[in-house]
>>> print(open('target-v1.cif').read())   # mmCIF, C-alpha atoms and all ligand atoms
data_entry
#
loop_
_atom_site.label_atom_id
_atom_site.label_comp_id
_atom_site.auth_asym_id
_atom_site.auth_seq_id
_atom_site.Cartn_x
_atom_site.Cartn_y
_atom_site.Cartn_z
CA MET A 1 -140.26 45.40 17.56
CA LYS A 2 -143.29 44.59 19.71
CA LYS A 3 -143.66 46.91 22.70
CA TYR A 4 -144.74 45.46 26.05
CA ASP A 5 -146.40 47.26 28.94
CA CYS A 6 -144.13 45.39 31.32
CA ILE A 7 -141.39 42.80 31.03
CA VAL A 8 -141.06 40.52 34.03
CA ILE A 9 -137.63 38.93 34.46
CA GLY A 10 -137.95 35.77 36.54
CA GLY A 11 -140.67 33.15 36.72
CA GLY A 12 -140.47 32.19 40.39
CA PRO A 13 -143.48 32.84 42.63
CA ALA A 14 -142.75 36.59 42.64
CA GLY A 15 -142.64 36.98 38.84
CA LEU A 16 -145.44 34.50 38.15
CA SER A 17 -147.78 36.09 40.64
CA ALA A 18 -147.06 39.59 39.28
CA THR A 19 -147.66 38.35 35.73
CA LEU A 20 -151.00 36.79 36.68
CA THR A 21 -152.20 40.04 38.23
CA LEU A 22 -150.96 42.12 35.28
CA GLY A 23 -152.47 39.72 32.73
CA ARG A 24 -155.80 39.97 34.51
CA ALA A 25 -155.41 43.78 34.35
CA ARG A 26 -155.21 43.41 30.54
CA ARG A 27 -151.56 44.46 30.34
CA LYS A 28 -149.26 43.25 27.57
CA ILE A 29 -146.62 41.27 29.44
CA ALA A 30 -143.58 39.18 28.55
CA LEU A 31 -142.29 36.93 31.32
CA PHE A 32 -138.75 35.58 30.89
CA ASP A 33 -137.51 32.59 32.83
CA ASN A 34 -134.45 30.36 32.55
CA GLY A 35 -135.29 27.65 35.10
CA THR A 36 -132.70 28.62 37.74
CA ASN A 37 -135.22 29.08 40.57
CA ARG A 38 -133.50 28.60 43.93
CA ASN A 39 -135.71 25.71 45.04
CA ARG A 40 -135.06 23.60 41.92
CA VAL A 41 -132.85 21.30 44.02
CA THR A 42 -135.59 20.30 46.43
CA GLN A 43 -138.09 17.44 46.14
CA GLU A 44 -141.12 19.13 47.69
CA SER A 45 -142.19 22.64 48.66
CA HIS A 46 -144.06 23.16 51.88
CA GLY A 47 -146.19 25.79 53.55
CA PHE A 48 -147.81 27.39 50.50
CA LEU A 49 -151.52 27.37 51.28
CA THR A 50 -153.37 24.74 49.17
CA ARG A 51 -150.06 23.46 47.72
CA ASP A 52 -148.28 21.91 50.73
CA GLY A 53 -145.87 19.20 49.50
CA ILE A 54 -145.97 20.14 45.80
CA LYS A 55 -142.90 19.60 43.57
CA PRO A 56 -141.30 22.94 42.56
CA GLN A 57 -141.67 22.20 38.83
CA GLN A 58 -145.35 21.28 39.26
CA PHE A 59 -145.94 24.54 41.13
CA LYS A 60 -144.39 26.43 38.22
CA ASN A 61 -146.33 24.41 35.60
CA ILE A 62 -149.67 25.15 37.28
CA ALA A 63 -148.86 28.87 37.43
CA ILE A 64 -147.82 28.96 33.75
CA LYS A 65 -150.97 27.04 32.77
CA GLU A 66 -153.09 29.62 34.59
CA LEU A 67 -151.38 32.39 32.60
CA GLU A 68 -152.59 30.78 29.35
CA SER A 69 -156.07 32.18 30.08
CA TYR A 70 -154.75 35.70 29.50
CA PRO A 71 -154.00 36.40 25.80
CA SER A 72 -151.87 39.49 26.47
CA VAL A 73 -149.29 37.39 28.39
CA SER A 74 -146.30 35.65 26.76
CA VAL A 75 -144.03 33.29 28.69
CA LEU A 76 -140.57 32.90 27.16
CA ASN A 77 -137.90 30.39 28.21
CA GLU A 78 -134.96 32.69 27.62
CA THR A 79 -132.16 34.11 29.72
CA VAL A 80 -132.12 37.87 29.97
CA MET A 81 -128.54 39.03 29.42
CA GLY A 82 -128.93 42.78 29.87
CA VAL A 83 -131.33 45.68 30.26
CA ASN A 84 -130.80 49.26 29.03
CA LYS A 85 -132.84 52.35 29.60
CA ASP A 86 -133.71 54.50 26.59
CA ASP A 87 -134.03 57.80 28.50
CA GLN A 88 -135.17 59.74 25.45
CA HIS A 89 -138.30 57.63 24.99
CA ASP A 90 -138.69 56.51 28.59
CA LEU A 91 -138.50 52.86 27.55
CA PHE A 92 -136.35 49.83 28.38
CA LEU A 93 -134.57 47.47 26.02
CA VAL A 94 -134.23 43.88 27.17
CA HIS A 95 -131.64 41.62 25.50
CA THR A 96 -131.81 37.84 25.70
CA SER A 97 -129.39 34.95 25.20
CA ASN A 98 -130.69 34.12 21.73
CA ASN A 99 -129.85 37.61 20.46
CA GLN A 100 -133.37 38.96 20.63
CA SER A 101 -134.28 42.41 21.97
CA TYR A 102 -137.58 43.50 23.41
CA ILE A 103 -139.00 46.94 24.26
CA THR A 104 -141.03 47.70 27.36
CA GLU A 105 -142.45 50.62 29.30
CA LYS A 106 -141.93 49.08 32.73
CA ILE A 107 -139.66 46.38 34.02
CA LEU A 108 -140.05 44.05 36.98
CA LEU A 109 -136.94 42.40 38.38
CA ALA A 110 -137.93 39.10 40.01
CA THR A 111 -134.77 37.08 39.44
CA GLY A 112 -134.42 35.74 42.99
CA ILE A 113 -131.13 34.94 44.68
CA GLN A 114 -128.69 32.03 44.74
CA GLU A 115 -126.69 30.51 47.55
CA GLU A 116 -123.08 29.50 48.06
CA PHE A 117 -121.47 27.40 50.79
CA SER A 118 -118.04 27.70 52.36
CA LEU A 119 -118.10 23.88 52.62
CA THR A 120 -118.59 22.86 49.01
CA GLN A 121 -119.70 19.27 49.84
CA ILE A 122 -122.97 20.68 51.25
CA ARG A 123 -124.18 21.19 47.67
CA GLN A 124 -124.50 17.38 47.18
CA TYR A 125 -126.97 17.14 50.07
CA TYR A 126 -128.73 20.50 49.77
CA GLY A 127 -132.43 20.11 49.06
CA LYS A 128 -132.53 16.41 49.97
CA SER A 129 -131.30 16.08 53.54
CA LEU A 130 -129.58 19.41 54.28
CA PHE A 131 -131.73 22.54 54.18
CA SER A 132 -131.48 26.17 55.22
CA CYS A 133 -135.08 26.88 56.28
CA PRO A 134 -136.65 24.94 59.17
CA TYR A 135 -140.10 26.34 58.35
CA CYS A 136 -139.81 24.78 54.87
CA ASP A 137 -138.32 21.39 55.79
CA GLY A 138 -138.22 21.05 59.61
CA TRP A 139 -141.37 18.93 59.71
CA GLU A 140 -139.87 16.27 57.41
CA LEU A 141 -136.73 16.10 59.61
CA ARG A 142 -138.60 16.09 62.92
CA ASP A 143 -137.07 13.98 65.74
CA LYS A 144 -134.17 12.84 63.52
CA PRO A 145 -130.49 13.01 64.53
CA LEU A 146 -129.56 16.28 62.87
CA ALA A 147 -126.42 18.28 62.15
CA ILE A 148 -126.33 22.04 62.45
CA ILE A 149 -123.50 23.29 60.27
CA ALA A 150 -122.77 26.98 60.82
CA GLU A 151 -119.67 29.07 61.24
CA ASN A 152 -120.31 32.09 63.45
CA ASP A 153 -121.82 32.63 66.90
CA GLU A 154 -124.89 34.47 65.68
CA HIS A 155 -125.85 31.90 63.02
CA ILE A 156 -125.09 28.93 65.28
CA ASN A 157 -127.09 30.36 68.18
CA HIS A 158 -130.10 31.34 66.08
CA LEU A 159 -130.34 28.21 63.91
CA THR A 160 -129.70 25.70 66.71
CA LYS A 161 -132.36 27.21 69.00
CA LEU A 162 -134.84 27.35 66.13
CA VAL A 163 -134.26 23.76 64.95
CA PHE A 164 -134.46 22.46 68.56
CA ASN A 165 -138.22 22.92 68.13
CA TRP A 166 -138.26 20.14 65.49
CA SER A 167 -135.61 17.77 66.90
CA LYS A 168 -133.88 17.56 70.30
CA ASP A 169 -131.17 15.31 68.81
CA LEU A 170 -128.84 18.02 67.54
CA ILE A 171 -125.08 18.19 67.06
CA VAL A 172 -123.47 21.48 66.09
CA PHE A 173 -120.51 21.54 63.70
CA THR A 174 -118.69 24.87 63.57
CA ASN A 175 -116.07 23.85 60.95
CA GLY A 176 -113.19 25.44 62.83
CA HIS A 177 -115.02 28.36 64.47
CA GLN A 178 -114.42 28.64 68.24
CA LEU A 179 -117.86 29.07 69.76
CA SER A 180 -118.19 31.40 72.76
CA ASN A 181 -118.44 29.82 76.24
CA LYS A 182 -121.85 31.42 76.78
CA VAL A 183 -123.36 29.70 73.72
CA GLN A 184 -121.58 26.41 74.50
CA ASN A 185 -123.01 26.42 78.03
CA ASP A 186 -126.53 27.17 76.75
CA PHE A 187 -126.27 24.18 74.43
CA LYS A 188 -124.77 21.89 77.10
CA SER A 189 -127.85 22.48 79.27
CA LYS A 190 -129.95 21.03 76.40
CA LYS A 191 -127.51 18.14 75.77
CA ILE A 192 -126.50 19.59 72.40
CA LYS A 193 -122.93 18.56 71.58
CA VAL A 194 -120.62 20.97 69.73
CA TYR A 195 -117.71 19.93 67.49
CA THR A 196 -115.44 22.83 66.61
CA ALA A 197 -112.99 20.82 64.46
CA VAL A 198 -112.72 21.49 60.74
CA ILE A 199 -115.04 19.29 58.66
CA LYS A 200 -113.09 17.00 56.34
CA ASN A 201 -116.01 15.49 54.44
CA LEU A 202 -119.70 14.66 54.43
CA HIS A 203 -120.78 11.09 53.72
CA GLY A 204 -124.08 9.76 52.47
CA ASN A 205 -126.00 8.27 49.58
CA HIS A 206 -127.79 10.03 46.73
CA GLY A 207 -128.03 13.28 48.67
CA TYR A 208 -129.02 11.70 51.98
CA LEU A 209 -126.50 12.52 54.69
CA GLU A 210 -125.21 9.69 56.88
CA SER A 211 -122.21 11.16 58.70
CA VAL A 212 -119.94 14.15 59.18
CA GLU A 213 -116.21 13.40 59.09
CA LEU A 214 -113.90 15.74 61.01
CA GLU A 215 -110.21 16.42 60.47
CA THR A 216 -109.62 14.87 63.91
CA GLY A 217 -110.60 11.51 62.35
CA GLU A 218 -113.98 11.32 64.07
CA ASN A 219 -116.97 10.35 61.93
CA ILE A 220 -120.27 11.36 63.52
CA LEU A 221 -123.51 9.76 62.39
CA ARG A 222 -126.29 12.19 61.39
CA SER A 223 -129.19 11.77 59.00
CA GLY A 224 -129.82 15.32 57.84
CA GLY A 225 -129.61 18.84 59.11
CA PHE A 226 -129.57 22.55 58.56
CA VAL A 227 -126.91 24.85 57.14
CA VAL A 228 -126.35 28.59 56.67
CA PRO A 229 -125.56 29.59 53.08
CA SER A 230 -124.42 33.01 51.86
CA PHE A 231 -126.88 34.57 49.46
CA TYR A 232 -126.22 36.78 46.45
CA ARG A 233 -128.08 38.28 43.48
CA PRO A 234 -127.24 36.31 40.34
CA ASN A 235 -127.15 39.39 38.08
CA LYS A 236 -126.45 43.13 37.98
CA PHE A 237 -129.69 44.36 36.39
CA ALA A 238 -130.70 46.58 39.32
CA LYS A 239 -127.20 48.09 39.42
CA GLN A 240 -127.12 48.61 35.64
CA LEU A 241 -130.44 50.45 35.91
CA LYS A 242 -128.97 52.63 38.72
CA CYS A 243 -131.47 51.52 41.39
CA GLN A 244 -130.24 52.56 44.83
CA VAL A 245 -129.43 50.08 47.58
CA ASP A 246 -129.33 50.50 51.37
CA GLU A 247 -126.33 49.83 53.63
CA ASN A 248 -127.20 46.09 53.76
CA GLY A 249 -127.38 45.75 49.99
CA GLY A 250 -131.20 45.64 49.93
CA MET A 251 -132.93 47.63 47.20
CA ILE A 252 -134.49 50.88 48.37
CA THR A 253 -138.20 50.68 47.54
CA ASP A 254 -141.48 52.25 48.57
CA ASP A 255 -142.48 48.87 50.08
CA ALA A 256 -144.80 48.38 47.12
CA GLY A 257 -142.19 47.26 44.59
CA ARG A 258 -141.18 50.67 43.19
CA THR A 259 -137.40 51.18 43.14
CA THR A 260 -135.69 54.57 43.15
CA GLU A 261 -135.65 54.48 39.30
CA SER A 262 -138.84 55.39 37.51
CA GLY A 263 -140.31 52.42 35.64
CA VAL A 264 -138.16 49.83 37.45
CA TYR A 265 -139.88 47.55 39.98
CA ILE A 266 -138.57 44.68 42.08
CA ALA A 267 -140.20 41.73 43.86
CA GLY A 268 -139.27 38.54 45.69
CA GLU A 269 -135.98 37.53 47.22
CA THR A 270 -133.85 39.64 44.91
CA GLU A 271 -135.25 42.77 46.60
CA LYS A 272 -133.39 42.30 49.91
CA ALA A 273 -130.93 39.70 48.55
CA GLY A 274 -132.06 37.43 51.40
CA PRO A 275 -134.22 34.32 51.78
CA SER A 276 -137.98 34.37 52.33
CA SER A 277 -140.62 31.88 51.18
CA LEU A 278 -142.83 31.02 48.22
CA MET A 279 -145.80 32.68 49.88
CA ILE A 280 -143.94 35.90 50.74
CA ALA A 281 -142.38 36.10 47.26
CA ALA A 282 -145.78 35.57 45.61
CA ALA A 283 -147.29 38.30 47.80
CA ASP A 284 -144.43 40.66 46.87
CA GLY A 285 -145.12 39.99 43.19
CA ASN A 286 -148.81 40.67 43.64
CA LYS A 287 -148.03 43.95 45.43
CA ALA A 288 -145.54 45.09 42.77
CA ALA A 289 -148.11 44.31 40.04
CA PHE A 290 -150.63 46.64 41.72
CA SER A 291 -148.00 49.42 41.61
CA ILE A 292 -147.07 48.72 38.00
CA ASN A 293 -150.68 48.68 36.86
CA MET A 294 -151.53 51.85 38.81
CA ASP A 295 -148.52 53.69 37.36
CA ILE A 296 -149.40 52.65 33.79
CA THR A 297 -153.00 53.67 34.42
CA LEU A 298 -152.01 57.14 35.65
CA ASP A 299 -149.41 57.60 32.86
CA ARG A 300 -152.08 56.97 30.25
CA PHE A 301 -155.32 58.29 31.71
C1 LIG B 1 -133.68 23.73 49.11
C2 LIG B 1 -134.78 24.76 49.19
C3 LIG B 1 -136.02 24.40 49.70
C4 LIG B 1 -137.03 25.35 49.80
N1 LIG B 1 -138.23 24.95 50.31
C5 LIG B 1 -139.22 25.86 50.43
C6 LIG B 1 -140.48 25.46 50.94
O1 LIG B 1 -140.70 24.28 51.25
N2 LIG B 1 -141.42 26.43 51.11
C7 LIG B 1 -141.20 27.74 50.79
O2 LIG B 1 -142.10 28.55 50.96
N3 LIG B 1 -140.00 28.13 50.29
C8 LIG B 1 -139.02 27.23 50.10
N4 LIG B 1 -137.81 27.62 49.59
C9 LIG B 1 -137.60 29.05 49.31
C10 LIG B 1 -138.23 29.44 47.98
O3 LIG B 1 -137.68 28.66 46.95
C11 LIG B 1 -138.00 30.92 47.73
O4 LIG B 1 -138.45 31.67 48.84
C12 LIG B 1 -138.73 31.40 46.48
O5 LIG B 1 -138.46 30.57 45.39
C13 LIG B 1 -138.36 32.85 46.15
O6 LIG B 1 -139.10 33.24 45.03
P1 LIG B 1 -138.55 34.32 43.97
O7 LIG B 1 -139.63 34.43 42.94
O8 LIG B 1 -138.08 35.52 44.66
O9 LIG B 1 -137.24 33.64 43.34
P2 LIG B 1 -137.04 32.25 42.56
O10 LIG B 1 -138.09 31.27 42.89
O11 LIG B 1 -135.63 31.86 42.78
O12 LIG B 1 -137.28 32.66 41.05
C14 LIG B 1 -136.41 33.50 40.33
C15 LIG B 1 -136.59 33.14 38.86
O13 LIG B 1 -135.82 34.05 38.08
C16 LIG B 1 -135.32 33.37 36.95
N5 LIG B 1 -134.16 34.08 36.45
C17 LIG B 1 -133.07 34.48 37.14
N6 LIG B 1 -132.22 35.15 36.35
C18 LIG B 1 -132.79 35.16 35.10
C19 LIG B 1 -132.39 35.68 33.87
N7 LIG B 1 -131.24 36.38 33.71
N8 LIG B 1 -133.19 35.50 32.79
C20 LIG B 1 -134.36 34.81 32.91
N9 LIG B 1 -134.79 34.31 34.09
C21 LIG B 1 -134.00 34.48 35.16
C22 LIG B 1 -135.01 31.96 37.46
O14 LIG B 1 -135.11 31.02 36.41
C23 LIG B 1 -136.09 31.74 38.53
O15 LIG B 1 -137.16 30.93 38.06
C24 LIG B 1 -136.80 26.69 49.42
C25 LIG B 1 -135.55 27.06 48.90
C26 LIG B 1 -134.56 26.09 48.77
C27 LIG B 1 -133.22 26.48 48.21
#
>>> encode(input="target-v1.cif", output="structure tokens")
Amino acid sequence: MKKYDCIVIGGGPAGLSATLTLGRARRKIALFDNGTNRNRVTQESHGFLTRDGIKPQQFKNIAIKELESYPSVSVLNETVMGVNKDDQHDLFLVHTSNNQSYITEKILLATGIQEEFSLTQIRQYYGKSLFSCPYCDGWELRDKPLAIIAENDEHINHLTKLVFNWSKDLIVFTNGHQLSNKVQNDFKSKKIKVYTAVIKNLHGNHGYLESVELETGENILRSGGFVVPSFYRPNKFAKQLKCQVDENGGMITDDAGRTTESGVYIAGETEKAGPSSLMIAAADGNKAAFSINMDITLDRF
């Protein structure tokens, strides 16, 4: 079985950027990706310097093309199913969905996060007219009549004030949550209406929101908006490898990608199990690659 210097699980910006740096450092790398990047539902990505407005798949294709210049890098379209540590030899075994196993000295977890919504209908509009990050998609929704769909005081307060920068025409939908008087009064002063009734349905066409229907029978016209998903790690690799987490579920690291387990590194959104951006994830991957390369260098020198 071929032995790699490092196996990178996840070909989002974090994993791709780490692989580029490690390939350029002449390391033997296998990058596994199964095409479940979080932004696959969106039409365009914004805010990544030199790539503003690029399609997510095109972003990925360019990055993979760049990796072709480095002969020690392999990119494999396979799902990683499990990772075991071979303590005796200080190596890791990586198992994939087509029953292959691979050996590596170091492992980088860059598998991102996924989101879920308490209101399942949001999924139909997510990435086209409903978004979670105003920095990513606020510009495209500027000055439009927008919905803010959120279900606790903290989220409603934070998101509504933030989005107000991009559009003053906001209506807040709390889906049954009773918003505090303080927040309601703040919003009233900015002419932001709040509906606390339970949402019955969302209506629109091909992912483009047109109205929010409430259980009271009201149907309020809106042409997009922002929502607050819950985020989770899609796998248990870090747990299986016994990496320690903090009280918020974030991985404990040295801020340079090293986890508490020797040889196991982490980068991108999976590290804190919370959302960031393409640029931040790519920078995390670059940073983790420096650590991986330095550790391999010192191990072998
Ligand atoms: C609707 C939407 C719009 C967005 N718009 C923007 C934007 O405009 N600008 C911006 O900066 N950010 C945007 N983001 C956020 C951005 O997508 C993330 O910040 C970024 O993708 C995080 O990078 P990552 O590498 O940590 O994870 P991801 O990009 O999610 O990559 C993780 C990778 O791991 C792979 N993977 C997972 N499990 C396995 C496994 N078991 N085996 C093999 N491979 C696996 C997946 O295939 C995936 O490619 C948007 C997100 C969403 C949801």
>>> closest_residue(input="target-v1.cif", among="A:Tyr102, A:Phe173, A:Tyr126, A:Phe187", to="ligand LIG 1 (chain B)", atoms="all atoms listed in the file")
A:Tyr126
>>> residues_around(input="target-v1.cif", residues="region 30-46 of chain A", least_positions_apart="3", cutoff="7 Å", atoms="all atoms listed in the file", output="MDAnalysis selection string")
chainID A and resid 4 6:12 52:56 73:79 113:114 127:128 136
>>> residues_around(input="target-v1.cif", residues="region 19-29 of chain A", least_positions_apart="3", cutoff="9 Å", atoms="all atoms listed in the file", output="list in words")
Lys3, Tyr4, Asp5, Cys6, Ile7, Val8, Gly11, Ala14, Gly15, Leu16, Ala63, Ile64, Glu66, Leu67, Ser69, Tyr70, Pro71, Ser72, Val73, Ser74, Val75, Thr104, Gly285, Asn286, Ala289, Phe290, Ile292 and Asn293 of chain A
>>> residues_around(input="target-v1.cif", residues="Glu116 (chain A)", least_positions_apart="6", cutoff="10 Å", atoms="only C-alpha atoms", output="PyMOL selection string")
chain A and resi 122-123+228-232
>>> residues_around(input="target-v1.cif", residues="Gly263 (chain A)", least_positions_apart="2", cutoff="8 Å", atoms="all atoms listed in the file", output="ChimeraX atom specification")
/A:105-107,258,261,265
>>> closest_residue(input="target-v1.cif", among="A:Tyr135, A:Ile252, A:Lys193, A:Phe237", to="His95 (chain A)", atoms="all atoms listed in the file")
A:Phe237
>>> atom_distance(input="target-v1.cif", atom1="CA of Thr111 (chain A)", atom2="CA of Leu91 (chain A)")
20.1 Å
>>> residues_around(input="target-v1.cif", residues="Gln244 (chain A)", least_positions_apart="6", cutoff="12 Å", atoms="all atoms listed in the file", output="list in words")
Phe237, Ala238, Gly250, Met251, Ile252, Thr253, Asp254, Arg258, Thr259, Thr260, Glu261, Ser262, Val264, Tyr265, Ile266, Glu271 and Lys272 of chain A
>>> axis_aligned_box(input="target-v1.cif", around="region 237-242 of chain A", padding_each_side="6 Å", output="JSON")
{"center_x": -128.9, "center_y": 48.5, "center_z": 37.5, "size_x": 15.6, "size_y": 20.3, "size_z": 15.8}
>>> atom_distance(input="target-v1.cif", atom1="CA of Gly225 (chain A)", atom2="atom C8 of ligand LIG 1 (chain B)")
15.5 Å
>>> closest_residue(input="target-v1.cif", among="A:Val227, A:Leu49, A:Val198, A:Leu241", to="Pro134 (chain A)", atoms="all atoms listed in the file")
A:Val227
>>> atom_distance(input="target-v1.cif", atom1="CA of Pro13 (chain A)", atom2="atom O8 of ligand LIG 1 (chain B)")
6.4 Å
>>> decode(input="target-v1.cif", residues="region 193-202 of chain A", atoms="all heavy atoms", output="short mmCIF file (atom, residue, chain, number, x, y, z; two decimals), in the first residue's frame")
data_model
loop_
_atom_site.label_atom_id
_atom_site.label_comp_id
_atom_site.auth_asym_id
_atom_site.auth_seq_id
_atom_site.Cartn_x
_atom_site.Cartn_y
_atom_site.Cartn_z
N LYS A 193 -41.18 45.67 10.77
CA LYS A 193 -42.33 44.94 11.31
C LYS A 193 -41.91 43.55 11.79
O LYS A 193 -41.00 42.94 11.20
CB LYS A 193 -43.35 44.77 10.18
CG LYS A 193 -44.74 45.07 10.59
CD LYS A 193 -45.65 45.12 9.39
CE LYS A 193 -47.06 45.11 9.93
NZ LYS A 193 -48.06 45.18 8.94
N VAL A 194 -42.58 43.08 12.84
CA VAL A 194 -42.26 41.73 13.36
C VAL A 194 -43.53 40.88 13.34
O VAL A 194 -44.57 41.31 13.85
CB VAL A 194 -41.71 41.81 14.81
CG1 VAL A 194 -41.47 40.41 15.36
CG2 VAL A 194 -40.45 42.65 14.87
N TYR A 195 -43.46 39.69 12.76
CA TYR A 195 -44.56 38.73 12.83
C TYR A 195 -44.10 37.57 13.69
O TYR A 195 -43.11 36.90 13.36
CB TYR A 195 -44.92 38.20 11.43
CG TYR A 195 -45.67 39.19 10.58
CD1 TYR A 195 -44.97 40.05 9.73
CD2 TYR A 195 -47.05 39.26 10.62
CE1 TYR A 195 -45.66 40.97 8.95
CE2 TYR A 195 -47.75 40.17 9.84
CZ TYR A 195 -47.05 41.02 9.00
OH TYR A 195 -47.72 41.92 8.23
N THR A 196 -44.81 37.33 14.79
CA THR A 196 -44.40 36.25 15.68
C THR A 196 -45.19 34.95 15.42
O THR A 196 -44.91 33.93 16.04
CB THR A 196 -44.58 36.65 17.16
OG1 THR A 196 -45.93 37.04 17.35
CG2 THR A 196 -43.65 37.77 17.56
N ALA A 197 -46.15 34.98 14.51
CA ALA A 197 -46.95 33.77 14.24
C ALA A 197 -46.09 32.67 13.61
O ALA A 197 -45.06 32.95 12.99
CB ALA A 197 -48.09 34.13 13.30
N VAL A 198 -46.55 31.46 13.80
CA VAL A 198 -45.85 30.30 13.20
C VAL A 198 -45.95 30.39 11.66
O VAL A 198 -47.00 30.77 11.12
CB VAL A 198 -46.49 28.99 13.71
CG1 VAL A 198 -45.95 27.77 12.95
CG2 VAL A 198 -46.24 28.84 15.21
N ILE A 199 -44.85 30.08 11.00
CA ILE A 199 -44.84 30.10 9.53
C ILE A 199 -45.46 28.81 9.01
O ILE A 199 -45.06 27.71 9.41
CB ILE A 199 -43.39 30.27 9.01
CG1 ILE A 199 -42.84 31.64 9.46
CG2 ILE A 199 -43.33 30.14 7.48
CD1 ILE A 199 -41.37 31.85 9.16
N LYS A 200 -46.45 28.96 8.14
CA LYS A 200 -47.12 27.77 7.57
C LYS A 200 -46.37 27.28 6.34
O LYS A 200 -46.16 26.09 6.14
CB LYS A 200 -48.57 28.11 7.21
CG LYS A 200 -49.36 26.92 6.76
CD LYS A 200 -50.83 27.26 6.63
CE LYS A 200 -51.60 26.05 6.12
NZ LYS A 200 -52.89 26.45 5.58
N ASN A 201 -45.95 28.23 5.49
CA ASN A 201 -45.28 27.83 4.25
C ASN A 201 -44.50 29.01 3.65
O ASN A 201 -44.75 30.17 4.00
CB ASN A 201 -46.32 27.35 3.23
CG ASN A 201 -45.75 26.26 2.35
OD1 ASN A 201 -44.53 26.07 2.30
ND2 ASN A 201 -46.61 25.54 1.66
N LEU A 202 -43.59 28.67 2.76
CA LEU A 202 -42.90 29.70 1.97
C LEU A 202 -43.33 29.48 0.53
O LEU A 202 -43.43 28.33 0.07
CB LEU A 202 -41.38 29.54 2.09
CG LEU A 202 -40.80 29.61 3.49
CD1 LEU A 202 -39.29 29.37 3.45
CD2 LEU A 202 -41.08 30.96 4.14
#
